[in-house]
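Participant: Input file: model36.csv. Contents: CSV, C-alpha atoms.
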```csv
chain,number,residue,atom,x,y,z
P,19,MET,CA,-37.5,102.3,29.5
P,20,ASP,CA,-40.3,102.7,32.1
P,21,LYS,CA,-37.8,104.3,34.5
P,22,MET,CA,-36.7,106.7,31.8
P,23,LYS,CA,-40.4,107.7,31.4
P,24,LEU,CA,-40.8,108.1,35.1
P,25,PHE,CA,-37.8,110.4,35.4
P,26,LYS,CA,-38.9,112.3,32.4
P,27,GLY,CA,-42.3,112.8,34.0
P,28,LYS,CA,-40.8,114.1,37.2
P,29,ALA,CA,-38.5,116.4,35.3
P,30,THR,CA,-41.5,117.8,33.4
P,31,LEU,CA,-43.4,118.4,36.6
P,32,VAL,CA,-40.4,120.2,38.2
P,33,ARG,CA,-40.0,122.4,35.1
P,34,LEU,CA,-43.7,123.2,35.2
P,35,GLN,CA,-43.3,124.4,38.8
P,36,TYR,CA,-40.4,126.6,37.8
P,37,LEU,CA,-42.5,128.2,35.1
P,38,VAL,CA,-45.4,128.8,37.4
P,39,TRP,CA,-43.2,130.5,40.0
P,40,ALA,CA,-41.5,132.6,37.3
P,41,ALA,CA,-45.0,133.7,36.2
P,42,VAL,CA,-46.0,134.5,39.7
P,43,LEU,CA,-42.8,136.5,40.2
P,44,LEU,CA,-43.3,138.5,37.0
P,45,ILE,CA,-47.0,139.2,37.6
P,46,SER,CA,-46.3,140.4,41.1
P,47,PHE,CA,-43.4,142.6,39.8
P,48,PHE,CA,-45.2,144.2,37.0
P,49,SER,CA,-48.4,144.8,39.0
P,50,MET,CA,-46.4,147.0,41.4
P,51,LEU,CA,-43.9,148.5,38.9
P,52,SER,CA,-45.8,151.7,38.1
P,53,ALA,CA,-46.4,152.7,41.7
P,54,ASP,CA,-43.2,151.5,43.4
P,55,GLY,CA,-40.4,151.5,40.8
P,56,VAL,CA,-38.1,148.7,39.7
P,57,LYS,CA,-36.1,148.0,42.9
P,58,ARG,CA,-38.9,148.2,45.3
P,59,SER,CA,-41.2,146.1,43.0
P,60,ALA,CA,-38.5,143.5,42.6
P,61,ALA,CA,-37.9,143.2,46.4
P,62,SER,CA,-41.7,143.0,47.1
P,63,ALA,CA,-42.2,140.4,44.4
P,64,ILE,CA,-39.4,138.2,45.7
P,65,ILE,CA,-40.6,138.5,49.3
P,66,ASN,CA,-44.2,137.7,48.4
P,67,SER,CA,-43.2,134.8,46.2
P,68,CYS,CA,-41.0,133.3,48.9
P,69,PHE,CA,-43.8,133.4,51.5
P,70,TYR,CA,-46.3,132.1,49.0
P,71,ALA,CA,-44.0,129.2,48.4
P,72,LEU,CA,-43.6,128.7,52.2
P,73,ILE,CA,-47.4,128.4,52.6
P,74,ILE,CA,-48.0,126.2,49.6
P,75,TYR,CA,-45.2,123.7,50.1
P,76,GLY,CA,-45.6,123.8,53.9
P,77,ASN,CA,-49.2,122.6,53.2
P,78,ILE,CA,-48.8,120.1,50.3
P,79,ARG,CA,-45.5,118.6,51.5
P,80,PHE,CA,-46.0,118.5,55.2
P,81,LEU,CA,-49.4,119.4,56.7
P,82,TYR,CA,-51.5,117.6,54.1
P,83,PRO,CA,-49.7,114.3,54.0
P,84,SER,CA,-48.9,114.2,57.7
P,85,PHE,CA,-52.4,115.2,59.1
P,86,TYR,CA,-55.1,115.5,56.5
P,87,GLN,CA,-54.5,112.2,54.7
P,88,ASN,CA,-54.3,110.5,58.0
P,89,LYS,CA,-57.7,112.0,59.0
P,90,ARG,CA,-56.2,114.1,61.8
P,91,TYR,CA,-58.2,117.1,61.0
P,92,VAL,CA,-57.8,119.1,64.2
P,93,PRO,CA,-54.0,119.0,64.1
P,94,TYR,CA,-54.3,119.9,60.4
P,95,VAL,CA,-56.3,123.0,61.1
P,96,ALA,CA,-54.1,124.0,64.0
P,97,GLY,CA,-51.0,123.5,62.0
P,98,SER,CA,-52.5,125.5,59.1
P,99,VAL,CA,-53.3,128.4,61.4
P,100,VAL,CA,-49.8,128.4,62.9
P,101,LEU,CA,-48.3,128.3,59.4
P,102,LEU,CA,-50.4,131.2,58.2
P,103,LEU,CA,-49.6,133.3,61.3
P,104,LEU,CA,-45.8,132.6,61.0
P,105,ALA,CA,-45.9,133.4,57.3
P,106,GLY,CA,-47.9,136.6,57.8
P,107,VAL,CA,-45.8,137.9,60.6
P,108,GLY,CA,-42.6,136.9,58.8
P,109,ARG,CA,-43.6,138.5,55.6
P,110,GLY,CA,-44.6,141.7,57.5
P,111,TYR,CA,-41.3,142.0,59.4
P,112,LEU,CA,-39.2,141.3,56.4
P,113,SER,CA,-41.1,143.7,54.2
P,114,LEU,CA,-40.8,146.3,56.9
P,115,PHE,CA,-37.1,145.7,57.3
P,116,ILE,CA,-36.4,146.0,53.6
P,117,HIS,CA,-38.6,149.1,53.2
P,118,ASN,CA,-37.0,150.9,56.2
P,119,ARG,CA,-33.5,149.9,55.2
P,120,TYR,CA,-33.5,150.7,51.5
P,121,PHE,CA,-36.5,152.7,50.5
P,122,ALA,CA,-38.0,154.8,53.4
P,123,ALA,CA,-36.9,158.3,54.2
P,124,ALA,CA,-37.9,157.7,57.8
P,125,PRO,CA,-38.6,154.5,59.7
P,126,LYS,CA,-42.1,153.2,59.4
P,127,LEU,CA,-44.1,150.8,61.6
P,128,LEU,CA,-46.6,148.3,60.2
P,129,ASP,CA,-50.1,148.7,61.6
P,130,VAL,CA,-52.5,145.9,62.5
P,131,ALA,CA,-54.4,146.4,59.2
P,132,THR,CA,-51.3,145.5,57.2
P,133,TYR,CA,-50.8,142.3,59.3
P,134,VAL,CA,-54.4,141.3,58.8
P,135,THR,CA,-54.0,141.9,55.0
P,136,PHE,CA,-51.0,139.7,54.9
P,137,PHE,CA,-52.8,137.0,56.9
P,138,LEU,CA,-55.9,137.1,54.7
P,139,SER,CA,-53.8,137.0,51.5
P,140,GLY,CA,-52.0,134.0,53.1
P,141,ILE,CA,-55.4,132.3,53.6
P,142,THR,CA,-56.2,132.8,49.9
P,143,VAL,CA,-52.9,131.2,48.9
P,144,PHE,CA,-53.4,128.4,51.4
P,145,VAL,CA,-56.9,127.6,50.0
P,146,LEU,CA,-55.5,127.5,46.5
P,147,SER,CA,-52.7,125.2,47.6
P,148,PHE,CA,-55.3,122.9,49.3
P,149,ILE,CA,-57.4,122.7,46.1
P,150,PHE,CA,-54.2,122.2,44.1
P,151,ARG,CA,-53.2,119.3,46.4
P,152,LEU,CA,-56.6,117.7,46.1
P,153,ALA,CA,-56.4,117.9,42.3
P,154,ILE,CA,-52.9,116.3,42.4
P,155,ALA,CA,-54.2,113.5,44.6
P,156,TYR,CA,-57.1,112.9,42.3
P,157,PHE,CA,-55.1,112.8,39.1
P,158,MET,CA,-52.4,110.6,40.7
P,159,LEU,CA,-55.1,108.2,41.9
P,160,LYS,CA,-56.7,108.2,38.4
P,161,GLN,CA,-53.4,107.6,36.8
P,162,ALA,CA,-52.5,104.8,39.2
P,163,SER,CA,-56.0,103.2,38.6
P,164,GLU,CA,-55.4,103.4,34.8
P,165,GLU,CA,-52.0,101.8,35.2
P,166,ALA,CA,-53.4,99.1,37.4
P,167,LEU,CA,-56.1,98.3,34.8
P,168,LEU,CA,-53.5,98.2,32.1
P,169,GLN,CA,-51.3,95.9,34.1
P,170,ARG,CA,-54.2,93.7,34.9
P,171,SER,CA,-55.2,93.5,31.3
P,172,GLU,CA,-51.6,92.6,30.3
P,173,PHE,CA,-51.5,90.0,33.0
P,174,GLU,CA,-54.7,88.4,32.0
P,175,LEU,CA,-53.6,88.3,28.4
P,176,LYS,CA,-50.3,86.6,29.3
P,177,LEU,CA,-52.2,84.2,31.6
P,178,LEU,CA,-54.6,83.3,28.7
P,179,ARG,CA,-51.6,82.7,26.5
P,180,ALA,CA,-50.1,80.4,29.1
P,181,GLN,CA,-53.3,78.5,29.6
P,182,VAL,CA,-52.6,75.9,26.9
P,183,GLN,CA,-55.0,73.1,27.8
P,184,PRO,CA,-54.9,73.7,31.6
P,185,HIS,CA,-57.5,71.0,32.2
P,186,PHE,CA,-55.3,68.5,30.4
P,187,LEU,CA,-52.5,69.4,32.8
P,188,PHE,CA,-54.7,69.1,35.9
P,189,ASN,CA,-56.0,65.7,34.7
P,190,THR,CA,-52.4,64.6,34.2
P,191,LEU,CA,-51.5,65.7,37.7
P,192,ASN,CA,-54.5,63.9,39.1
P,193,ASN,CA,-53.5,60.7,37.4
P,194,MET,CA,-50.0,61.1,38.8
P,195,TYR,CA,-51.5,61.6,42.2
P,196,TYR,CA,-53.4,58.3,42.2
P,197,GLU,CA,-50.4,56.4,40.8
P,198,ALA,CA,-48.1,57.9,43.4
P,199,TYR,CA,-50.6,57.4,46.3
P,200,LEU,CA,-50.1,53.6,46.2
P,201,ASP,CA,-46.4,53.7,46.5
P,202,SER,CA,-45.6,57.1,48.2
P,203,PRO,CA,-48.4,58.9,49.9
P,204,ARG,CA,-46.1,61.8,50.7
P,205,THR,CA,-45.2,62.3,47.1
P,206,ALA,CA,-48.9,62.1,46.2
P,207,LEU,CA,-49.7,64.9,48.7
P,208,LEU,CA,-47.0,67.1,47.2
P,209,ILE,CA,-48.5,66.5,43.7
P,210,GLU,CA,-51.9,67.4,45.1
P,211,ARG,CA,-50.5,70.7,46.6
P,212,LEU,CA,-48.8,71.5,43.3
P,213,SER,CA,-52.1,71.0,41.5
P,214,ASN,CA,-54.0,73.2,43.9
P,215,ILE,CA,-51.4,76.0,43.5
P,216,MET,CA,-51.6,75.9,39.7
P,217,ARG,CA,-55.4,75.8,39.9
P,218,TYR,CA,-55.3,78.9,42.1
P,219,PHE,CA,-53.2,80.8,39.6
P,220,VAL,CA,-55.5,79.8,36.8
P,221,ASP,CA,-58.9,80.2,38.4
P,222,GLN,CA,-58.5,82.4,41.5
P,223,SER,CA,-55.7,84.9,41.1
P,224,ILE,CA,-57.4,86.8,38.3
P,225,GLN,CA,-60.6,87.4,40.4
P,226,ASP,CA,-61.3,90.7,42.1
P,227,THR,CA,-61.5,89.0,45.5
P,228,VAL,CA,-61.1,85.5,46.9
P,229,PRO,CA,-62.1,83.8,50.1
P,230,LEU,CA,-59.5,84.3,52.8
P,231,GLY,CA,-59.6,80.6,53.4
P,232,THR,CA,-58.6,79.9,49.8
P,233,GLU,CA,-55.8,82.4,50.1
P,234,VAL,CA,-54.5,80.8,53.3
P,235,GLN,CA,-54.7,77.3,51.7
P,236,PHE,CA,-52.6,78.6,48.8
P,237,LEU,CA,-50.0,79.8,51.3
P,238,ASP,CA,-50.1,76.5,53.1
P,239,ASN,CA,-49.5,74.7,49.8
P,240,TYR,CA,-46.7,77.0,48.8
P,241,ILE,CA,-45.0,76.6,52.2
P,242,ALA,CA,-45.3,72.8,52.0
P,243,LEU,CA,-43.6,72.7,48.6
P,244,GLU,CA,-40.8,75.0,49.6
P,245,LYS,CA,-40.1,72.9,52.7
P,246,ILE,CA,-39.2,69.8,50.7
P,247,ARG,CA,-36.2,71.5,49.1
P,248,ILE,CA,-34.7,72.7,52.4
P,249,LYS,CA,-32.7,70.3,54.6
P,250,PRO,CA,-32.9,70.3,57.5
P,251,GLU,CA,-36.6,71.2,57.3
P,252,PRO,CA,-37.3,74.7,58.7
P,253,GLU,CA,-39.3,75.2,61.8
P,254,ILE,CA,-42.4,77.1,60.7
P,255,LYS,CA,-45.1,78.3,63.0
P,256,PHE,CA,-48.2,79.5,61.2
P,257,GLU,CA,-50.9,80.8,63.6
P,258,LYS,CA,-54.3,81.7,62.1
P,259,HIS,CA,-57.4,83.3,63.6
P,260,PHE,CA,-59.8,84.4,60.9
P,261,ASP,CA,-63.2,83.9,59.2
P,262,ALA,CA,-62.7,81.8,56.1
P,263,GLY,CA,-65.7,83.5,54.5
P,264,ILE,CA,-64.0,86.9,54.4
P,265,HIS,CA,-63.0,88.0,50.9
P,266,ILE,CA,-59.8,89.9,50.1
P,267,GLN,CA,-57.9,90.7,47.0
P,268,PRO,CA,-55.7,87.8,45.8
P,269,MET,CA,-52.0,87.5,46.3
P,270,LEU,CA,-51.7,90.3,49.0
P,271,LEU,CA,-50.1,88.0,51.5
P,272,MET,CA,-47.8,86.1,49.2
P,273,THR,CA,-45.0,88.6,49.0
P,274,PHE,CA,-44.0,88.3,52.7
P,275,VAL,CA,-43.9,84.5,52.6
P,276,GLU,CA,-42.1,84.4,49.2
P,277,ASN,CA,-39.5,86.8,50.6
P,278,ILE,CA,-38.8,84.5,53.6
P,279,PHE,CA,-37.9,81.6,51.3
P,280,LYS,CA,-36.1,83.8,48.8
P,281,HIS,CA,-33.9,85.8,51.2
P,282,GLY,CA,-34.4,84.4,54.8
P,283,ILE,CA,-33.4,80.7,54.5
P,284,ASP,CA,-29.9,79.9,55.8
P,285,LYS,CA,-28.9,76.6,54.1
P,286,ILE,CA,-25.5,76.6,55.6
P,287,SER,CA,-26.3,76.7,59.3
P,288,GLY,CA,-29.7,75.0,58.9
P,289,ARG,CA,-31.1,77.1,61.7
P,290,ASN,CA,-34.3,78.4,60.2
P,291,LYS,CA,-37.1,79.4,62.5
P,292,ILE,CA,-40.1,81.2,60.9
P,293,GLU,CA,-43.1,82.7,62.5
P,294,ILE,CA,-46.3,83.7,60.6
P,295,ASN,CA,-49.3,85.1,62.2
P,296,LEU,CA,-52.7,85.9,60.6
P,297,VAL,CA,-55.5,87.6,62.7
P,298,HIS,CA,-58.8,89.1,61.8
P,299,GLN,CA,-59.8,91.5,64.5
P,300,ASN,CA,-62.0,94.7,64.8
P,301,GLY,CA,-62.6,95.0,61.1
P,302,TYR,CA,-58.9,94.7,60.2
P,303,LEU,CA,-56.7,91.9,58.9
P,304,TYR,CA,-53.3,91.7,60.5
P,305,PHE,CA,-50.5,89.6,58.8
P,306,ASN,CA,-47.1,89.4,60.4
P,307,THR,CA,-44.0,87.4,59.5
P,308,LYS,CA,-40.6,87.0,61.3
P,309,ASN,CA,-37.5,85.1,60.3
P,310,ALA,CA,-33.9,85.0,61.3
P,311,ILE,CA,-31.5,87.0,59.1
P,312,ASN,CA,-29.6,84.9,56.7
P,313,ARG,CA,-26.0,85.9,57.4
P,314,HIS,CA,-24.6,83.8,54.6
P,315,ALA,CA,-26.7,85.4,51.9
P,316,GLY,CA,-25.4,88.3,49.7
P,317,LYS,CA,-26.4,91.8,50.4
P,318,VAL,CA,-30.1,92.3,49.9
P,319,ALA,CA,-31.9,95.6,49.7
P,320,PRO,CA,-34.2,96.0,52.8
P,321,ASN,CA,-37.2,96.9,50.7
P,322,GLY,CA,-37.1,94.9,47.5
P,323,LEU,CA,-39.1,95.2,44.3
P,324,GLY,CA,-41.8,92.8,45.6
P,325,LEU,CA,-42.5,95.0,48.7
P,326,GLU,CA,-42.4,98.1,46.6
P,327,ASN,CA,-44.9,96.7,44.1
P,328,LEU,CA,-47.1,95.5,47.0
P,329,ARG,CA,-47.1,99.0,48.5
P,330,LYS,CA,-48.2,100.5,45.2
P,331,ARG,CA,-51.0,98.0,44.9
P,332,LEU,CA,-52.2,98.6,48.4
P,333,SER,CA,-52.2,102.3,47.8
P,334,ILE,CA,-54.5,101.8,44.8
P,335,LEU,CA,-56.8,99.5,46.7
P,336,TYR,CA,-56.9,101.3,50.1
P,337,GLY,CA,-55.5,104.7,49.6
P,338,GLY,CA,-53.7,105.6,52.8
P,339,ASN,CA,-55.8,103.3,54.9
P,340,PHE,CA,-53.3,100.5,55.4
P,341,GLU,CA,-50.0,99.9,57.2
P,342,LEU,CA,-47.0,98.1,55.7
P,343,ASN,CA,-43.9,98.0,57.8
P,344,THR,CA,-40.6,96.1,57.8
P,345,PHE,CA,-37.9,96.0,60.5
P,346,ASN,CA,-34.4,94.6,60.6
P,347,ASP,CA,-32.8,94.5,64.1
P,348,GLY,CA,-29.7,92.7,62.9
P,349,GLN,CA,-30.9,89.3,64.0
P,350,TYR,CA,-34.5,89.0,62.8
P,351,PHE,CA,-36.4,90.5,59.9
P,352,THR,CA,-40.1,91.2,60.6
P,353,ALA,CA,-42.8,92.4,58.2
P,354,SER,CA,-46.3,93.4,59.1
P,355,LEU,CA,-49.4,94.3,57.1
P,356,LYS,CA,-52.7,95.8,58.3
P,357,ILE,CA,-55.6,96.2,55.9
P,358,PRO,CA,-59.2,97.1,56.5
P,359,LEU,CA,-62.0,94.6,55.9
P,360,HIS,CA,-65.1,96.5,55.1
P,361,GLU,CA,-68.6,94.9,54.9
P,362,SER,CA,-68.2,94.8,51.1
P,363,THR,CA,-65.4,92.3,51.5
P,364,VAL,CA,-67.3,89.9,53.7
P,365,HIS,CA,-69.4,87.3,51.8
P,366,ASP,CA,-71.4,84.3,52.9
P,367,SER,CA,-69.3,81.2,53.1
```
Would you give me this structure, written as structure tokens?
Facilitator:
Amino acid sequence: MDKMKLFKGKATLVRLQYLVWAAVLLISFFSMLSADGVKRSAASAIINSCFYALIIYGNIRFLYPSFYQNKRYVPYVAGSVVLLLLAGVGRGYLSLFIHNRYFAAAPKLLDVATYVTFFLSGITVFVLSFIFRLAIAYFMLKQASEEALLQRSEFELKLLRAQVQPHFLFNTLNNMYYEAYLDSPRTALLIERLSNIMRYFVDQSIQDTVPLGTEVQFLDNYIALEKIRIKPEPEIKFEKHFDAGIHIQPMLLMTFVENIFKHGIDKISGRNKIEINLVHQNGYLYFNTKNAINRHAGKVAPNGLGLENLRKRLSILYGGNFELNTFNDGQYFTASLKIPLHESTVHDS
């Protein structure tokens, strides 16, 4: 149902663009009709609309996302000038060719003033396209924020429904821990880890931010519980260099680790080597995972739903100021995440 709404929304946006361009074409045609006649007005309207489209879509589809959003302002300005020059010159030559070929009694040359006019009109269209693109970015961010708030509200409601006497459950697990500790310390440790994971879901995962140390402890507990079901036990190297007092949004790192145990464990060969690296450096948090490709698993999409949802969440939290990359070289699958840690995300321990 949600996918149908998404496609319907895209279709509506495409139809709206068609209507806008039809309106531009008609306005341009009728504005020149009385002076130039039907054929010449139609040709000019089509040429003008095509070059307007070249400027607008060249900006909002290529220059803006490639340079402006990445804060590469100098290449953005240079690319914009080149685009306007090419559009102005192209529009001038094509207009001249059509005029001399079909409408002029004698060949005519375009003067400098005409090229300047075309260039200035292109600047006007470019500025309008820039404003339009900023408006689109604002409304997309606003819509994404509203969807995130709605999803969070639904998640919290479901969580509240699921929290039927959670303290009773924790107390029961604690009793099991003490009983098991006398006979099987390893089993008791696993019970403690399970209790910590469940407590994290109940108390921490609904918070805006959590200490990085808490998040890493949650990953350690999750890895420990996953290892008990895999024989022989996988070789896992988890290197950590970070300040435990740093705060991040919860569950940002879990997707990578979960994907390893979901898709990257080869139970047939038993050769499972996993590398996880977490580093806080120069105001950024770097998180990388690497695991061998499970050749006995069914075909899995390279970018699953979990990574897609994570990318959407990161876009809401950080805009374009993050890096999420995955790579499959046929032998190993690697995933990397880079997110900024501003001063507002650092708290006293």
Participant: If I take CA of Glu293 (chain P) and CA of Arg329 (chain P), how far is one from the other in Å, to one decimal?
Facilitator: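 A separation of 21.9 Å between them.
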Participant: Which protein, DNA or RNA residues have an atom at most 10 Å from (-53.3, 99.3, 39.5), counting only C-alpha atoms? List them as JSON, numbers by chain.
Facilitator: {"P": [159, 160, 161, 162, 163, 164, 165, 166, 167, 168, 169, 170, 327, 330, 331, 332, 333, 334, 335]}
Participant: Could you please determine the separation between CA of Phe144 (chain P) and CA of Met158 (chain P) in Å, to one decimal place?
Facilitator: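 Separation of CA of Phe144 (chain P) and CA of Met158 (chain P): 20.8 Å.
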Participant: Go through P:Ile292, P:Val42, P:Leu101, P:Val275 and flag the residue nearest Cys68 (chain P), using only C-alpha atoms for the distances.
Facilitator: P:Val42
Participant: CA of Thr307 (chain P) and CA of Ile246 (chain P) are how many Å apart?
Facilitator: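 Interatomic distance, CA of Thr307 (chain P) to CA of Ile246 (chain P): 20.3 Å.
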Participant: Could you check which of P:Asn300, P:Thr227, P:Asn312, P:Ser46 is closest to Gly348 (chain P), using all atoms listed in the file?
Facilitator: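 Looking only at the distances to Gly348 (chain P), the closest residue turns out to be P:Asn312.
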Participant: Which of these residues is nearest to Phe260 (chain P), using only C-alpha atoms: P:Tyr70, P:Tyr304, P:Tyr82, P:Phe219?
Facilitator: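 Among the listed residues, P:Tyr304 lies closest to Phe260 (chain P).
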Participant: Please list as a ChimeraX atom specification every residue within 10 Å of Ser354 (chain P), counting all atoms listed in the file and excluding residues in the same chain fewer than 3 positions away.
Facilitator: /P:274,294-296,304-308,341-345
Participant: Hey, can you pull every residue with an atom no more than 6 Å from (-34.1, 81.9, 62.0), using only C-alpha atoms, and send it as a PDB file with C-alpha atoms, in the frame of the given file?
Facilitator:
```
ATOM      1  CA  ARG P 289     -31.100  77.100  61.700  1.00  0.00           C
ATOM      2  CA  ASN P 290     -34.300  78.400  60.200  1.00  0.00           C
ATOM      3  CA  LYS P 291     -37.100  79.400  62.500  1.00  0.00           C
ATOM      4  CA  ASN P 309     -37.500  85.100  60.300  1.00  0.00           C
ATOM      5  CA  ALA P 310     -33.900  85.000  61.300  1.00  0.00           C
TER       6      ALA P 310
END
```
